[in-house]
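To start, the structure itself, in structure tokens.
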Amino acid sequence: MKKNLILALTVLMMIPSAMFATEGMWVVAMLNKINEAEMQGLGLKLSKDDIYNINQASLKDAIVRFGAGFCTGEIVSDKGLVFTNHHCAYDAIQSSSTLENNILQNGFCAKSLDQEIPIPGLTLSFLVRVEDVTESVLGAVNANMTEAEREAAIMARNRELVKAANESGLYNSEVKTFYAGNEFYLFVYQTYRDIRLVGNPPESVGKFGGDTDNWMWPRHTGDFSMLRIYAGAENKPADYSKDNTPLKPKHFFPINMDGVKQGDFAMIMGYPARTSRYLTSYGVEQAVDVQNPILVECFGLKLETWKKNMDANEGLRLMYAAKYASTANSWKYYIGQTRGLKRLDVEGKKAATEEGFTKWLTSNSAANEKYGKSLPMLQDFYSSTNETQKAFLYARLTGMGGAEFMRLASEFQRTFEKYFAETDATKKQAMLDRFKASAEAFFVEYNTQTDKDVFVALTNLYRNRIAANARPSWHAVLDAKYKGNVQAYADKLFATSVIVDKTKLMNFLAKPNQKVFEKDLAVATAKSAGEFGDALRKLIPSEKMSKGQREFVAGLREMNPTKQYAPDANSTMRITYGQVKDYTAADAVHYDFYTTAKGIMEKRDNSNPEFVVPEALAQKIQNKQFGRYANEKGELPTCFIADLDITGGNSGSPVLDANGQMIGIAFDGNWEAMSGDIAYEPELQRTIAVDIRYVLFIVEELMGGKNIVDEMMFVRGARK
């Protein structure tokens, strides 16, 4: 023990003081002595082997990935109980709700295992191991290959590695690229398919503050929900069955009831989706001037149209709740990112890094030979693609990514072009069955009039932004036959197409008719939009971008060989660490590190759907009936912040203390640091988490879920 401590201190003394910033979403399998020493210097009482270990249970074994990585969850009991965010389970909660039993609005809490609700289609995966396969992957390429040939060779080698690692279906695996294509790692997962909803708070708790508070601090949102993983024989993954039993996990997180203090060590393990920390100044300029304004405009118009319809129909509001929330989150994100990039002069800071890189190249002929073309290549890529990117984004966001019927129509077109050319009856039936399943799922959350309104609004926007000679071919039909009247075109499409009417579509599937298929206006529109988007995409020289970025990142790392560079997020398990910490947002604006239930009552406005406080909760807060969940001051903590480095995909991740015990659930970032996916700002960037004591208070005291709380292991005195 003493020897290990001396080693840790020696390594710690060798770390430059600048390294003590908490930037970095570190791959759990790539933690080294520097990471370990830095974490322990901040207060961690564990080793890196306690965090990631393939030979015995470790913290990684209590972390689950949602699907391909859209959210994170954590195991909190020996019966496979999972905590995550309310917004991560939002779609499942909405799908399980009806107007008669609206669990999205009213909340839900299973009092026994047989009351838990199956969630079809949801999978949760555990990371089994990570393997560095860089040598194997790059062994398949050579310097004479074009970028396209290089990519094809890498993909072929990746398929070989994945097939071998899957062990005939026991696991599912993927090879991920790191450092812009300079390194490759194999990730092996075990995926569970029987997932059930255990409980969720009322929407007024789980989404308290709504869009107004989204990305904001201070926060008072109880953003959590509870699921359970079920397993088949021998604790193995299995399809849903009443005979399945709760998973027996390798590890689960105890609950730290002591809470958090300013300066406490904190860390998060989860699956951040995507960052662009190595983006150049040219890329930042394009994001601010071209990409983000288009995203904000198109998302905003779609939200406005949806909301108009949702406000007029309670059933529609419930049906569209999940997709509205998801789109609103993206819309506000790009507004905040643009603001942050400008306010913090991220383009200027990137340019300074590039200037230093260029100076290094001029003094190093060998490096200049390898990397000297990278920045000019990237500069040329961005300057030459601004107009194409504008055209592509408007076409995508108002076309295939606009009205919802366009995606189904595109799938319909691809399916039945093959269907009518196929002669094998068995294959034809398989095509019908696959498409019918897609159609059934599509119409569960689809309103024809709402989608028609979206189609008209976005098409008019597109025609106002893009010249007539740069539009998809279907616009020529709109001009010639309908005199440019988008509403008239939409009226005809929605009156005649089989795509937008479930009854018509199911009748077609019962007896497919080639003439009906060929004349369908929705199919023609979607096909034209898809072909146009593909043509625009081909005009973007992505090979120049990938080669330039790969060489630039490799050069940066070679220029600073002693600096630790964290790889960009890519939906693989990462750890970020730092401290519970307040911050100063602007001149004379200082924020404390935690909030309490007092703030819930200060924000309460039952005339505003975003700030409704249920009477039962209001009474408990007013009477200070907080039970065992109050802090030493008698307050009920609700949320806290820490200088942890996260992004989308980390939603639902556990916030852990120095002993690997749970203190909260991460759910958001702060408005002042919305540029964080491109440039980390240590003085401003904060992760917002719901305090685990508030979660358990809601579960036990408001939802009546003592049976659930009793599953967990509580720890006190861990601070000592």
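Residues in the structure tokens are numbered from 1 in each chain, the chains being A, B, ... in the order shown, and ligands are numbered from 1 in the order shown.
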
Expected answer as a ChimeraX atom specification: strand (DSSP E) residues in stretch 421-611 of chain A = /A:574-579,583-586,589-591,594-596

A:Asp668 surroundings by only C-alpha atoms, 10 Å radius, close-in-sequence under 3 positions cut, as a ChimeraX atom specification = /A:214-217,219,223,641,646-648,650-652,665,671,686-690

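With only C-alpha atoms as the atoms that count, the minimum distance from A:Glu151 to the choices A:Ala164, A:Met25, A:Gln389, A:Thr177 is reached by A:Thr177.
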
A:Leu295 proximity check over A:Met506, A:Val198, A:Ala395, A:Leu59, using only C-alpha atoms: winner is A:Ala395

Write down as a list of chain:residue names the residues belonging to stretch 20-67 of chain A that are assigned alpha helix (DSSP H) by DSSP computed on the backbone.
-> A:Lys33, A:Ile34, A:Asn35, A:Glu36, A:Ala37, A:Glu38, A:Met39, A:Gln40, A:Gly41, A:Leu42, A:Lys48, A:Asp49, A:Asp50, A:Ile51

With N, CA and C atoms retained, could you export that selection as a PDB file, in the first residue's frame?
```pdb
ATOM      1  N   LYS A  33      -1.361   5.648 -15.405  1.00  0.00           N
ATOM      2  CA  LYS A  33      -0.900   6.107 -14.093  1.00  0.00           C
ATOM      3  C   LYS A  33      -1.106   7.602 -13.897  1.00  0.00           C
ATOM      4  N   ILE A  34      -1.032   8.358 -15.000  1.00  0.00           N
ATOM      5  CA  ILE A  34      -1.245   9.810 -14.880  1.00  0.00           C
ATOM      6  C   ILE A  34      -2.701  10.090 -14.521  1.00  0.00           C
ATOM      7  N   ASN A  35      -3.636   9.420 -15.237  1.00  0.00           N
ATOM      8  CA  ASN A  35      -5.051   9.567 -14.886  1.00  0.00           C
ATOM      9  C   ASN A  35      -5.295   9.164 -13.439  1.00  0.00           C
ATOM     10  N   GLU A  36      -4.752   8.016 -13.072  1.00  0.00           N
ATOM     11  CA  GLU A  36      -4.974   7.478 -11.735  1.00  0.00           C
ATOM     12  C   GLU A  36      -4.445   8.437 -10.675  1.00  0.00           C
ATOM     13  N   ALA A  37      -3.251   8.937 -10.876  1.00  0.00           N
ATOM     14  CA  ALA A  37      -2.655   9.851  -9.905  1.00  0.00           C
ATOM     15  C   ALA A  37      -3.439  11.156  -9.831  1.00  0.00           C
ATOM     16  N   GLU A  38      -3.862  11.660 -10.982  1.00  0.00           N
ATOM     17  CA  GLU A  38      -4.631  12.899 -10.995  1.00  0.00           C
ATOM     18  C   GLU A  38      -5.949  12.712 -10.255  1.00  0.00           C
ATOM     19  N   MET A  39      -6.629  11.603 -10.507  1.00  0.00           N
ATOM     20  CA  MET A  39      -7.895  11.326  -9.837  1.00  0.00           C
ATOM     21  C   MET A  39      -7.701  11.187  -8.332  1.00  0.00           C
ATOM     22  N   GLN A  40      -6.662  10.464  -7.946  1.00  0.00           N
ATOM     23  CA  GLN A  40      -6.408  10.294  -6.517  1.00  0.00           C
ATOM     24  C   GLN A  40      -5.997  11.601  -5.867  1.00  0.00           C
ATOM     25  N   GLY A  41      -5.307  12.454  -6.640  1.00  0.00           N
ATOM     26  CA  GLY A  41      -4.961  13.776  -6.123  1.00  0.00           C
ATOM     27  C   GLY A  41      -6.186  14.635  -5.873  1.00  0.00           C
ATOM     28  N   LEU A  42      -7.244  14.390  -6.630  1.00  0.00           N
ATOM     29  CA  LEU A  42      -8.503  15.114  -6.449  1.00  0.00           C
ATOM     30  C   LEU A  42      -9.372  14.488  -5.363  1.00  0.00           C
ATOM     31  N   LYS A  48      -7.374   2.457 -10.712  1.00  0.00           N
ATOM     32  CA  LYS A  48      -7.935   2.320 -12.061  1.00  0.00           C
ATOM     33  C   LYS A  48      -8.449   0.899 -12.289  1.00  0.00           C
ATOM     34  N   ASP A  49      -7.884  -0.084 -11.619  1.00  0.00           N
ATOM     35  CA  ASP A  49      -8.367  -1.461 -11.756  1.00  0.00           C
ATOM     36  C   ASP A  49      -9.723  -1.657 -11.087  1.00  0.00           C
ATOM     37  N   ASP A  50     -10.039  -0.831 -10.109  1.00  0.00           N
ATOM     38  CA  ASP A  50     -11.376  -0.887  -9.510  1.00  0.00           C
ATOM     39  C   ASP A  50     -12.430  -0.348 -10.480  1.00  0.00           C
ATOM     40  N   ILE A  51     -11.986   0.484 -11.400  1.00  0.00           N
ATOM     41  CA  ILE A  51     -12.902   1.107 -12.357  1.00  0.00           C
ATOM     42  C   ILE A  51     -13.142   0.206 -13.560  1.00  0.00           C
TER      43      ILE A  51
END
```

Find the residues near A:Gly107: any atom within 10 Å, counting only C-alpha atoms, skip ones fewer than 6 places away on the same chain, and give them as a PyMOL selection string.
-> chain A and resi 93+97+101+199-206+225+702-703

Can I get the selection written as a PDB file, in the first residue's frame, with N, CA and C atoms?
```pdb
ATOM      1  N   ILE A  93     -42.241   5.533 -21.598  1.00  0.00           N
ATOM      2  CA  ILE A  93     -43.305   6.000 -20.698  1.00  0.00           C
ATOM      3  C   ILE A  93     -44.493   6.486 -21.507  1.00  0.00           C
ATOM      4  N   SER A  97     -48.528   4.943 -21.981  1.00  0.00           N
ATOM      5  CA  SER A  97     -49.591   5.811 -21.467  1.00  0.00           C
ATOM      6  C   SER A  97     -50.808   5.816 -22.383  1.00  0.00           C
ATOM      7  N   ASN A 101     -55.107   6.135 -18.624  1.00  0.00           N
ATOM      8  CA  ASN A 101     -54.058   5.839 -17.647  1.00  0.00           C
ATOM      9  C   ASN A 101     -52.777   6.514 -18.112  1.00  0.00           C
ATOM     10  N   GLY A 199     -40.741   2.370 -12.802  1.00  0.00           N
ATOM     11  CA  GLY A 199     -41.397   3.566 -12.277  1.00  0.00           C
ATOM     12  C   GLY A 199     -40.866   4.833 -12.900  1.00  0.00           C
ATOM     13  N   ASN A 200     -41.692   5.846 -12.871  1.00  0.00           N
ATOM     14  CA  ASN A 200     -41.299   7.181 -13.326  1.00  0.00           C
ATOM     15  C   ASN A 200     -42.082   8.214 -12.541  1.00  0.00           C
ATOM     16  N   PRO A 201     -41.486   9.358 -12.245  1.00  0.00           N
ATOM     17  CA  PRO A 201     -42.205  10.397 -11.511  1.00  0.00           C
ATOM     18  C   PRO A 201     -43.239  11.053 -12.418  1.00  0.00           C
ATOM     19  N   PRO A 202     -44.172  11.804 -11.862  1.00  0.00           N
ATOM     20  CA  PRO A 202     -45.071  12.598 -12.696  1.00  0.00           C
ATOM     21  C   PRO A 202     -44.254  13.521 -13.598  1.00  0.00           C
ATOM     22  N   GLU A 203     -44.787  13.838 -14.764  1.00  0.00           N
ATOM     23  CA  GLU A 203     -44.071  14.706 -15.695  1.00  0.00           C
ATOM     24  C   GLU A 203     -43.738  16.054 -15.051  1.00  0.00           C
ATOM     25  N   SER A 204     -44.590  16.500 -14.140  1.00  0.00           N
ATOM     26  CA  SER A 204     -44.352  17.781 -13.467  1.00  0.00           C
ATOM     27  C   SER A 204     -43.100  17.747 -12.596  1.00  0.00           C
ATOM     28  N   VAL A 205     -42.643  16.550 -12.218  1.00  0.00           N
ATOM     29  CA  VAL A 205     -41.384  16.384 -11.484  1.00  0.00           C
ATOM     30  C   VAL A 205     -40.250  16.059 -12.450  1.00  0.00           C
ATOM     31  N   GLY A 206     -40.478  15.051 -13.302  1.00  0.00           N
ATOM     32  CA  GLY A 206     -39.432  14.575 -14.198  1.00  0.00           C
ATOM     33  C   GLY A 206     -39.036  15.561 -15.268  1.00  0.00           C
ATOM     34  N   SER A 225     -35.883   7.994 -14.007  1.00  0.00           N
ATOM     35  CA  SER A 225     -36.863   6.918 -14.153  1.00  0.00           C
ATOM     36  C   SER A 225     -36.176   5.615 -13.774  1.00  0.00           C
ATOM     37  N   LEU A 702     -43.312  10.389  -2.466  1.00  0.00           N
ATOM     38  CA  LEU A 702     -44.353  10.870  -3.380  1.00  0.00           C
ATOM     39  C   LEU A 702     -44.970   9.733  -4.178  1.00  0.00           C
ATOM     40  N   MET A 703     -44.152   8.745  -4.586  1.00  0.00           N
ATOM     41  CA  MET A 703     -44.633   7.665  -5.438  1.00  0.00           C
ATOM     42  C   MET A 703     -45.004   6.407  -4.659  1.00  0.00           C
TER      43      MET A 703
END
```

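Between atom CA of A:Thr123 and atom CA of A:Gly73 lies a distance of 11.4 Å.
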